[in-house]
$ cat entry_3.txt   # compact mmCIF, N, CA and C atoms
# COMPACT_ATOMS: atom_id res chain seq x y z
N MET A 1 -25.94 54.27 -6.49
CA MET A 1 -25.45 52.93 -6.67
C MET A 1 -24.25 52.96 -7.62
N THR A 2 -23.19 52.31 -7.23
CA THR A 2 -22.00 52.23 -8.06
C THR A 2 -21.90 50.85 -8.67
N VAL A 3 -21.66 50.81 -9.96
CA VAL A 3 -21.49 49.55 -10.67
C VAL A 3 -19.99 49.32 -10.85
N ARG A 4 -19.53 48.17 -10.37
CA ARG A 4 -18.11 47.84 -10.51
C ARG A 4 -17.88 47.18 -11.86
N ILE A 5 -17.06 47.86 -12.70
CA ILE A 5 -16.76 47.36 -14.03
C ILE A 5 -15.32 46.87 -14.06
N GLY A 6 -15.15 45.68 -14.61
CA GLY A 6 -13.82 45.13 -14.81
C GLY A 6 -13.59 44.91 -16.30
N PHE A 7 -12.33 44.89 -16.69
CA PHE A 7 -11.98 44.72 -18.11
C PHE A 7 -10.97 43.61 -18.28
N ILE A 8 -11.08 42.93 -19.40
CA ILE A 8 -10.08 41.95 -19.84
C ILE A 8 -9.54 42.48 -21.16
N VAL A 9 -8.22 42.67 -21.23
CA VAL A 9 -7.59 43.20 -22.44
C VAL A 9 -6.42 42.31 -22.83
N GLU A 10 -5.93 42.50 -24.06
CA GLU A 10 -4.84 41.66 -24.57
C GLU A 10 -3.46 42.06 -24.06
N GLY A 11 -3.16 43.35 -24.01
CA GLY A 11 -1.80 43.76 -23.70
C GLY A 11 -1.70 44.94 -22.76
N LYS A 12 -0.46 45.22 -22.34
CA LYS A 12 -0.21 46.28 -21.36
C LYS A 12 -0.53 47.67 -21.92
N PHE A 13 -0.38 47.87 -23.23
CA PHE A 13 -0.72 49.17 -23.79
C PHE A 13 -2.24 49.36 -23.87
N ASP A 14 -2.97 48.26 -24.05
CA ASP A 14 -4.44 48.30 -23.97
C ASP A 14 -4.85 48.70 -22.55
N LYS A 15 -4.18 48.10 -21.57
CA LYS A 15 -4.49 48.40 -20.17
C LYS A 15 -4.27 49.87 -19.88
N ARG A 16 -3.23 50.43 -20.46
CA ARG A 16 -2.92 51.85 -20.21
C ARG A 16 -4.07 52.75 -20.65
N VAL A 17 -4.59 52.54 -21.86
CA VAL A 17 -5.66 53.40 -22.36
C VAL A 17 -6.97 53.13 -21.62
N VAL A 18 -7.25 51.87 -21.28
CA VAL A 18 -8.47 51.55 -20.53
C VAL A 18 -8.41 52.18 -19.14
N SER A 19 -7.26 52.15 -18.52
CA SER A 19 -7.10 52.74 -17.19
C SER A 19 -7.26 54.26 -17.22
N LYS A 20 -6.91 54.88 -18.34
CA LYS A 20 -7.14 56.33 -18.48
C LYS A 20 -8.63 56.62 -18.63
N ALA A 21 -9.32 55.76 -19.39
CA ALA A 21 -10.75 55.96 -19.62
C ALA A 21 -11.58 55.61 -18.39
N PHE A 22 -11.13 54.58 -17.65
CA PHE A 22 -11.85 54.08 -16.47
C PHE A 22 -10.87 53.95 -15.30
N PRO A 23 -10.52 55.06 -14.66
CA PRO A 23 -9.46 55.02 -13.63
C PRO A 23 -9.77 54.12 -12.43
N ASP A 24 -11.03 53.88 -12.14
CA ASP A 24 -11.39 53.05 -10.98
C ASP A 24 -11.61 51.58 -11.33
N ALA A 25 -11.49 51.25 -12.60
CA ALA A 25 -11.77 49.87 -13.04
C ALA A 25 -10.56 48.96 -12.79
N THR A 26 -10.86 47.68 -12.61
CA THR A 26 -9.82 46.66 -12.54
C THR A 26 -9.62 46.12 -13.94
N VAL A 27 -8.35 45.98 -14.35
CA VAL A 27 -8.04 45.52 -15.70
C VAL A 27 -7.12 44.31 -15.61
N VAL A 28 -7.52 43.22 -16.26
CA VAL A 28 -6.69 42.01 -16.34
C VAL A 28 -6.12 41.94 -17.75
N VAL A 29 -4.81 41.72 -17.85
CA VAL A 29 -4.12 41.62 -19.14
C VAL A 29 -3.85 40.14 -19.43
N THR A 30 -4.24 39.69 -20.61
CA THR A 30 -4.05 38.28 -20.97
C THR A 30 -2.71 38.01 -21.63
N ASN A 31 -2.05 39.05 -22.14
CA ASN A 31 -0.79 38.90 -22.88
C ASN A 31 -0.97 38.00 -24.11
N GLY A 32 -2.01 38.26 -24.86
CA GLY A 32 -2.29 37.49 -26.07
C GLY A 32 -3.50 36.61 -25.90
N ASN A 33 -3.75 35.75 -26.89
CA ASN A 33 -4.97 34.94 -26.82
C ASN A 33 -4.75 33.55 -26.24
N GLY A 34 -3.52 33.19 -25.92
CA GLY A 34 -3.26 31.93 -25.24
C GLY A 34 -2.81 32.24 -23.82
N PHE A 35 -3.74 32.36 -22.90
CA PHE A 35 -3.37 32.85 -21.58
C PHE A 35 -3.13 31.73 -20.57
N SER A 36 -2.37 32.07 -19.54
CA SER A 36 -1.91 31.10 -18.55
C SER A 36 -2.97 30.80 -17.49
N LYS A 37 -2.66 29.81 -16.66
CA LYS A 37 -3.55 29.48 -15.53
C LYS A 37 -3.63 30.65 -14.56
N ARG A 38 -2.53 31.36 -14.39
CA ARG A 38 -2.51 32.53 -13.49
C ARG A 38 -3.47 33.60 -13.99
N VAL A 39 -3.45 33.86 -15.30
CA VAL A 39 -4.36 34.85 -15.89
C VAL A 39 -5.80 34.37 -15.76
N ARG A 40 -6.02 33.10 -16.00
CA ARG A 40 -7.38 32.55 -15.86
C ARG A 40 -7.88 32.73 -14.43
N ALA A 41 -7.03 32.53 -13.44
CA ALA A 41 -7.42 32.73 -12.03
C ALA A 41 -7.76 34.20 -11.78
N LYS A 42 -7.02 35.11 -12.40
CA LYS A 42 -7.33 36.54 -12.25
C LYS A 42 -8.68 36.86 -12.86
N ILE A 43 -8.98 36.24 -14.01
CA ILE A 43 -10.28 36.48 -14.65
C ILE A 43 -11.41 35.94 -13.78
N ILE A 44 -11.22 34.78 -13.17
CA ILE A 44 -12.23 34.21 -12.27
C ILE A 44 -12.50 35.17 -11.13
N ARG A 45 -11.44 35.70 -10.52
CA ARG A 45 -11.61 36.67 -9.42
C ARG A 45 -12.32 37.93 -9.90
N LEU A 46 -11.98 38.38 -11.10
CA LEU A 46 -12.61 39.57 -11.67
C LEU A 46 -14.10 39.35 -11.87
N VAL A 47 -14.45 38.22 -12.48
CA VAL A 47 -15.86 37.91 -12.74
C VAL A 47 -16.65 37.78 -11.42
N ASN A 48 -16.04 37.20 -10.40
CA ASN A 48 -16.72 37.01 -9.13
C ASN A 48 -16.83 38.27 -8.29
N SER A 49 -16.01 39.28 -8.58
CA SER A 49 -15.99 40.46 -7.72
C SER A 49 -16.54 41.73 -8.39
N HIS A 50 -16.96 41.65 -9.65
CA HIS A 50 -17.45 42.83 -10.35
C HIS A 50 -18.85 42.60 -10.89
N ASP A 51 -19.59 43.70 -11.00
CA ASP A 51 -20.96 43.62 -11.52
C ASP A 51 -20.98 43.36 -13.03
N VAL A 52 -20.03 43.96 -13.73
CA VAL A 52 -19.94 43.83 -15.18
C VAL A 52 -18.48 43.61 -15.54
N VAL A 53 -18.22 42.63 -16.40
CA VAL A 53 -16.87 42.40 -16.90
C VAL A 53 -16.94 42.48 -18.43
N VAL A 54 -16.06 43.30 -18.98
CA VAL A 54 -16.03 43.56 -20.42
C VAL A 54 -14.73 43.00 -21.00
N CYS A 55 -14.85 42.21 -22.05
CA CYS A 55 -13.70 41.78 -22.82
C CYS A 55 -13.52 42.81 -23.92
N LEU A 56 -12.44 43.55 -23.83
CA LEU A 56 -12.17 44.63 -24.77
C LEU A 56 -10.92 44.25 -25.56
N SER A 57 -11.11 43.38 -26.55
CA SER A 57 -9.98 42.88 -27.33
C SER A 57 -9.90 43.63 -28.66
N ASP A 58 -8.74 43.53 -29.28
CA ASP A 58 -8.50 44.26 -30.53
C ASP A 58 -9.49 43.82 -31.63
N PRO A 59 -9.84 44.76 -32.53
CA PRO A 59 -10.75 44.42 -33.63
C PRO A 59 -10.02 43.74 -34.78
N ASP A 60 -9.47 42.56 -34.48
CA ASP A 60 -8.77 41.78 -35.50
C ASP A 60 -8.99 40.30 -35.19
N ASP A 61 -8.39 39.42 -36.01
CA ASP A 61 -8.61 37.99 -35.82
C ASP A 61 -8.14 37.51 -34.45
N ALA A 62 -6.98 37.97 -34.00
CA ALA A 62 -6.47 37.55 -32.69
C ALA A 62 -7.41 38.01 -31.57
N GLY A 63 -7.93 39.22 -31.69
CA GLY A 63 -8.88 39.72 -30.70
C GLY A 63 -10.17 38.93 -30.69
N ASP A 64 -10.63 38.53 -31.88
CA ASP A 64 -11.85 37.72 -31.97
C ASP A 64 -11.64 36.34 -31.34
N ILE A 65 -10.46 35.76 -31.55
CA ILE A 65 -10.15 34.45 -30.95
C ILE A 65 -10.13 34.56 -29.43
N LEU A 66 -9.48 35.60 -28.91
CA LEU A 66 -9.43 35.80 -27.46
C LEU A 66 -10.83 35.96 -26.89
N ALA A 67 -11.62 36.82 -27.51
CA ALA A 67 -12.98 37.06 -27.02
C ALA A 67 -13.80 35.77 -27.01
N LYS A 68 -13.67 34.98 -28.07
CA LYS A 68 -14.42 33.72 -28.14
C LYS A 68 -14.01 32.78 -27.00
N LYS A 69 -12.71 32.65 -26.75
CA LYS A 69 -12.23 31.80 -25.66
C LYS A 69 -12.78 32.26 -24.32
N ILE A 70 -12.70 33.55 -24.07
CA ILE A 70 -13.14 34.09 -22.78
C ILE A 70 -14.63 33.90 -22.59
N ILE A 71 -15.41 34.19 -23.61
CA ILE A 71 -16.86 34.08 -23.49
C ILE A 71 -17.30 32.63 -23.36
N GLU A 72 -16.58 31.71 -24.00
CA GLU A 72 -16.89 30.29 -23.81
C GLU A 72 -16.66 29.87 -22.36
N MET A 73 -15.58 30.36 -21.75
CA MET A 73 -15.27 30.01 -20.36
C MET A 73 -16.10 30.80 -19.36
N PHE A 74 -16.43 32.04 -19.72
CA PHE A 74 -17.14 32.94 -18.80
C PHE A 74 -18.29 33.61 -19.56
N PRO A 75 -19.44 32.94 -19.65
CA PRO A 75 -20.54 33.44 -20.48
C PRO A 75 -21.12 34.79 -20.04
N THR A 76 -20.86 35.20 -18.80
CA THR A 76 -21.39 36.49 -18.34
C THR A 76 -20.54 37.67 -18.80
N VAL A 77 -19.37 37.40 -19.34
CA VAL A 77 -18.51 38.48 -19.82
C VAL A 77 -19.08 39.04 -21.12
N LEU A 78 -19.10 40.36 -21.20
CA LEU A 78 -19.63 41.04 -22.38
C LEU A 78 -18.46 41.43 -23.29
N ARG A 79 -18.55 41.10 -24.54
CA ARG A 79 -17.51 41.50 -25.50
C ARG A 79 -17.93 42.81 -26.14
N VAL A 80 -17.06 43.78 -26.06
CA VAL A 80 -17.26 45.05 -26.75
C VAL A 80 -16.21 45.11 -27.85
N ARG A 81 -16.68 45.12 -29.10
CA ARG A 81 -15.76 45.16 -30.24
C ARG A 81 -15.76 46.57 -30.80
N VAL A 82 -14.66 47.24 -30.63
CA VAL A 82 -14.51 48.62 -31.10
C VAL A 82 -14.39 48.61 -32.63
N PRO A 83 -15.04 49.55 -33.30
CA PRO A 83 -14.93 49.62 -34.76
C PRO A 83 -13.46 49.79 -35.19
N GLU A 84 -13.08 49.07 -36.23
CA GLU A 84 -11.69 49.11 -36.72
C GLU A 84 -11.21 50.53 -37.01
N GLU A 85 -12.07 51.34 -37.59
CA GLU A 85 -11.64 52.69 -37.97
C GLU A 85 -11.34 53.59 -36.76
N ARG A 86 -11.82 53.22 -35.59
CA ARG A 86 -11.54 54.00 -34.37
C ARG A 86 -10.39 53.42 -33.57
N ALA A 87 -9.84 52.30 -34.03
CA ALA A 87 -8.77 51.62 -33.29
C ALA A 87 -7.63 51.25 -34.24
N ARG A 88 -7.16 52.23 -34.99
CA ARG A 88 -6.10 51.89 -35.94
C ARG A 88 -5.10 53.04 -36.06
N ILE A 89 -3.94 52.66 -36.55
CA ILE A 89 -2.87 53.63 -36.80
C ILE A 89 -2.19 53.21 -38.10
N LEU A 90 -1.80 54.20 -38.90
CA LEU A 90 -1.13 53.92 -40.16
C LEU A 90 0.36 53.76 -39.91
N GLN A 91 0.90 52.62 -40.31
CA GLN A 91 2.33 52.37 -40.18
C GLN A 91 2.91 52.11 -41.55
N ASN A 92 4.19 51.82 -41.62
CA ASN A 92 4.89 51.63 -42.90
C ASN A 92 4.20 50.64 -43.83
N ARG A 93 3.72 49.54 -43.30
CA ARG A 93 3.13 48.48 -44.13
C ARG A 93 1.61 48.48 -44.14
N GLY A 94 1.01 49.56 -43.74
CA GLY A 94 -0.44 49.63 -43.72
C GLY A 94 -0.96 49.90 -42.32
N TYR A 95 -2.25 49.64 -42.14
CA TYR A 95 -2.87 49.92 -40.86
C TYR A 95 -2.62 48.81 -39.85
N LYS A 96 -2.46 49.21 -38.61
CA LYS A 96 -2.38 48.27 -37.50
C LYS A 96 -3.55 48.62 -36.58
N HIS A 97 -4.25 47.57 -36.10
CA HIS A 97 -5.44 47.77 -35.27
C HIS A 97 -5.16 47.38 -33.83
N GLY A 98 -5.73 48.14 -32.90
CA GLY A 98 -5.58 47.80 -31.50
C GLY A 98 -6.30 48.77 -30.60
N ILE A 99 -6.73 48.28 -29.47
CA ILE A 99 -7.39 49.11 -28.46
C ILE A 99 -6.48 50.26 -28.04
N GLU A 100 -5.17 50.02 -28.00
CA GLU A 100 -4.24 51.05 -27.55
C GLU A 100 -4.24 52.29 -28.43
N TYR A 101 -4.82 52.21 -29.64
CA TYR A 101 -4.87 53.36 -30.55
C TYR A 101 -6.15 54.18 -30.39
N CYS A 102 -7.04 53.76 -29.52
CA CYS A 102 -8.27 54.51 -29.25
C CYS A 102 -7.97 55.65 -28.27
N SER A 103 -8.73 56.71 -28.39
CA SER A 103 -8.62 57.76 -27.38
C SER A 103 -9.40 57.32 -26.14
N PRO A 104 -8.94 57.67 -24.95
CA PRO A 104 -9.68 57.31 -23.74
C PRO A 104 -11.12 57.83 -23.75
N ALA A 105 -11.33 59.04 -24.27
CA ALA A 105 -12.69 59.61 -24.31
C ALA A 105 -13.60 58.78 -25.20
N PHE A 106 -13.12 58.43 -26.40
CA PHE A 106 -13.93 57.59 -27.29
C PHE A 106 -14.23 56.25 -26.63
N LEU A 107 -13.20 55.63 -26.05
CA LEU A 107 -13.36 54.31 -25.45
C LEU A 107 -14.41 54.33 -24.34
N LYS A 108 -14.35 55.33 -23.50
CA LYS A 108 -15.31 55.45 -22.40
C LYS A 108 -16.75 55.57 -22.94
N ASP A 109 -16.94 56.46 -23.89
CA ASP A 109 -18.27 56.65 -24.47
C ASP A 109 -18.77 55.38 -25.16
N TYR A 110 -17.90 54.74 -25.92
CA TYR A 110 -18.29 53.55 -26.68
C TYR A 110 -18.63 52.37 -25.76
N VAL A 111 -17.85 52.19 -24.71
CA VAL A 111 -18.12 51.09 -23.77
C VAL A 111 -19.45 51.35 -23.05
N TYR A 112 -19.67 52.57 -22.57
CA TYR A 112 -20.94 52.86 -21.90
C TYR A 112 -22.12 52.65 -22.85
N LYS A 113 -21.99 53.12 -24.09
CA LYS A 113 -23.06 52.94 -25.09
C LYS A 113 -23.33 51.44 -25.30
N SER A 114 -22.27 50.66 -25.42
CA SER A 114 -22.42 49.22 -25.63
C SER A 114 -23.08 48.54 -24.44
N LEU A 115 -22.72 48.96 -23.23
CA LEU A 115 -23.33 48.38 -22.03
C LEU A 115 -24.82 48.71 -21.97
N ILE A 116 -25.18 49.93 -22.30
CA ILE A 116 -26.60 50.32 -22.30
C ILE A 116 -27.37 49.51 -23.33
N GLU A 117 -26.81 49.36 -24.54
CA GLU A 117 -27.48 48.56 -25.58
C GLU A 117 -27.65 47.11 -25.15
N SER A 118 -26.64 46.55 -24.51
CA SER A 118 -26.72 45.17 -24.04
C SER A 118 -27.80 45.02 -22.98
N LEU A 119 -27.87 45.97 -22.07
CA LEU A 119 -28.89 45.94 -21.02
C LEU A 119 -30.29 46.04 -21.63
N LEU A 120 -30.45 46.92 -22.59
CA LEU A 120 -31.76 47.07 -23.24
C LEU A 120 -32.16 45.80 -23.98
N GLU A 121 -31.20 45.12 -24.62
CA GLU A 121 -31.51 43.86 -25.28
C GLU A 121 -32.01 42.82 -24.28
N GLU A 122 -31.38 42.77 -23.11
CA GLU A 122 -31.82 41.83 -22.07
C GLU A 122 -33.22 42.16 -21.59
N VAL A 123 -33.52 43.45 -21.40
CA VAL A 123 -34.84 43.86 -20.93
C VAL A 123 -35.90 43.47 -21.95
N VAL A 124 -35.63 43.68 -23.22
CA VAL A 124 -36.60 43.34 -24.27
C VAL A 124 -36.83 41.84 -24.31
N GLN A 125 -35.81 41.03 -24.11
CA GLN A 125 -35.96 39.58 -24.12
C GLN A 125 -36.77 39.09 -22.94
N VAL A 126 -36.72 39.78 -21.82
CA VAL A 126 -37.40 39.35 -20.60
C VAL A 126 -38.79 39.97 -20.50
N LYS A 127 -39.12 40.88 -21.38
CA LYS A 127 -40.38 41.59 -21.35
C LYS A 127 -41.56 40.62 -21.36
N PRO A 128 -42.49 40.78 -20.38
CA PRO A 128 -43.66 39.89 -20.34
C PRO A 128 -44.61 40.17 -21.52
N LYS A 129 -45.27 39.09 -21.97
CA LYS A 129 -46.20 39.22 -23.11
C LYS A 129 -47.58 39.53 -22.65

$ encode --input "entry_3.txt" --output "structure tokens"
Amino acid sequence: MTVRIGFIVEGKFDKRVVSKAFPDATVVVTNGNGFSKRVRAKIIRLVNSHDVVVCLSDPDDAGDILAKKIIEMFPTVLRVRVPEERARILQNRGYKHGIEYCSPAFLKDYVYKSLIESLLEEVVQVKPK
């Protein structure tokens, strides 16, 4: 059985690393946290055509805002928040955080681990008494 996984990300560089980690996945780019009707239509198609949809936004305030908006509109979307220390790069003025700074191998492992944990939480909640 193949599970179709789709991703929602903030930017084109996020899409690049997600596509390396998950070459068969569909990735929708929002271009920030204020997305257009066209992007919303793409997310609707993604949610309707995939078994699992993951919001993989940056581990910062803007990423949290985007994830909140998406999950409010699409409650079945799972938010995976990558730890800041695994999604950062040191620049002149300090650290910058973003999915694009993750290695594809780390991202793949972390997303799968998060999906398994989410599934187990659902099973425990549905467990008969």

$ atom_distance --input "entry_3.txt" --atom1 "atom C of A:Arg79" --atom2 "atom C of A:Cys55"
4.9 Å

$ select_by_dssp --input "entry_3.txt" --residues "stretch 17-109 of chain A" --states "strand (DSSP E or B)" --output "PDB file with N, CA and C atoms, in the frame of the given file"
ATOM      1  N   THR A  26     -10.860  47.680 -12.610  1.00  0.00           N
ATOM      2  CA  THR A  26      -9.820  46.660 -12.540  1.00  0.00           C
ATOM      3  C   THR A  26      -9.620  46.120 -13.940  1.00  0.00           C
ATOM      4  N   VAL A  27      -8.350  45.980 -14.350  1.00  0.00           N
ATOM      5  CA  VAL A  27      -8.040  45.520 -15.700  1.00  0.00           C
ATOM      6  C   VAL A  27      -7.120  44.310 -15.610  1.00  0.00           C
ATOM      7  N   VAL A  28      -7.520  43.220 -16.260  1.00  0.00           N
ATOM      8  CA  VAL A  28      -6.690  42.010 -16.340  1.00  0.00           C
ATOM      9  C   VAL A  28      -6.120  41.940 -17.750  1.00  0.00           C
ATOM     10  N   VAL A  29      -4.810  41.720 -17.850  1.00  0.00           N
ATOM     11  CA  VAL A  29      -4.120  41.620 -19.140  1.00  0.00           C
ATOM     12  C   VAL A  29      -3.850  40.140 -19.430  1.00  0.00           C
ATOM     13  N   VAL A  52     -20.030  43.960 -13.730  1.00  0.00           N
ATOM     14  CA  VAL A  52     -19.940  43.830 -15.180  1.00  0.00           C
ATOM     15  C   VAL A  52     -18.480  43.610 -15.540  1.00  0.00           C
ATOM     16  N   VAL A  53     -18.220  42.630 -16.400  1.00  0.00           N
ATOM     17  CA  VAL A  53     -16.870  42.400 -16.900  1.00  0.00           C
ATOM     18  C   VAL A  53     -16.940  42.480 -18.430  1.00  0.00           C
ATOM     19  N   VAL A  54     -16.060  43.300 -18.980  1.00  0.00           N
ATOM     20  CA  VAL A  54     -16.030  43.560 -20.420  1.00  0.00           C
ATOM     21  C   VAL A  54     -14.730  43.000 -21.000  1.00  0.00           C
ATOM     22  N   CYS A  55     -14.850  42.210 -22.050  1.00  0.00           N
ATOM     23  CA  CYS A  55     -13.700  41.780 -22.820  1.00  0.00           C
ATOM     24  C   CYS A  55     -13.520  42.810 -23.920  1.00  0.00           C
ATOM     25  N   LEU A  78     -19.100  40.360 -21.200  1.00  0.00           N
ATOM     26  CA  LEU A  78     -19.630  41.040 -22.380  1.00  0.00           C
ATOM     27  C   LEU A  78     -18.460  41.430 -23.290  1.00  0.00           C
ATOM     28  N   ARG A  79     -18.550  41.100 -24.540  1.00  0.00           N
ATOM     29  CA  ARG A  79     -17.510  41.500 -25.500  1.00  0.00           C
ATOM     30  C   ARG A  79     -17.930  42.810 -26.140  1.00  0.00           C
ATOM     31  N   ARG A  88      -7.160  52.230 -34.990  1.00  0.00           N
ATOM     32  CA  ARG A  88      -6.100  51.890 -35.940  1.00  0.00           C
ATOM     33  C   ARG A  88      -5.100  53.040 -36.060  1.00  0.00           C
ATOM     34  N   ILE A  89      -3.940  52.660 -36.550  1.00  0.00           N
ATOM     35  CA  ILE A  89      -2.870  53.630 -36.800  1.00  0.00           C
ATOM     36  C   ILE A  89      -2.190  53.210 -38.100  1.00  0.00           C
ATOM     37  N   LEU A  90      -1.800  54.200 -38.900  1.00  0.00           N
ATOM     38  CA  LEU A  90      -1.130  53.920 -40.160  1.00  0.00           C
ATOM     39  C   LEU A  90       0.360  53.760 -39.910  1.00  0.00           C
ATOM     40  N   GLN A  91       0.900  52.620 -40.310  1.00  0.00           N
ATOM     41  CA  GLN A  91       2.330  52.370 -40.180  1.00  0.00           C
ATOM     42  C   GLN A  91       2.910  52.110 -41.550  1.00  0.00           C
ATOM     43  N   GLY A  94       1.010  49.560 -43.740  1.00  0.00           N
ATOM     44  CA  GLY A  94      -0.440  49.630 -43.720  1.00  0.00           C
ATOM     45  C   GLY A  94      -0.960  49.900 -42.320  1.00  0.00           C
ATOM     46  N   TYR A  95      -2.250  49.640 -42.140  1.00  0.00           N
ATOM     47  CA  TYR A  95      -2.870  49.920 -40.860  1.00  0.00           C
ATOM     48  C   TYR A  95      -2.620  48.810 -39.850  1.00  0.00           C
ATOM     49  N   LYS A  96      -2.460  49.210 -38.610  1.00  0.00           N
ATOM     50  CA  LYS A  96      -2.380  48.270 -37.500  1.00  0.00           C
ATOM     51  C   LYS A  96      -3.550  48.620 -36.580  1.00  0.00           C
ATOM     52  N   HIS A  97      -4.250  47.570 -36.100  1.00  0.00           N
ATOM     53  CA  HIS A  97      -5.440  47.770 -35.270  1.00  0.00           C
ATOM     54  C   HIS A  97      -5.160  47.380 -33.830  1.00  0.00           C
TER      55      HIS A  97
END

$ select_by_dssp --input "entry_3.txt" --residues "stretch 5-48 of chain A" --states "helix (DSSP H, G or I)" --output "ChimeraX atom specification"
/A:12-21,37-48

$ residues_around --input "entry_3.txt" --residues "A:Gly11" --least-positions-apart "5" --cutoff "6.5 Å" --atoms "all atoms listed in the file" --output "PyMOL selection string"
chain A and resi 16+29-32

$ residues_around --input "entry_3.txt" --residues "A:Val80" --least-positions-apart "2" --cutoff "6 Å" --atoms "only N, CA and C atoms" --output "MDAnalysis selection string"
chainID A and resid 54:57 78 82

$ atom_distance --input "entry_3.txt" --atom1 "atom CA of A:His50" --atom2 "atom CA of A:Arg4"
5.1 Å

$ atom_distance --input "entry_3.txt" --atom1 "atom CA of A:Leu115" --atom2 "atom CA of A:Lys42"
22.2 Å
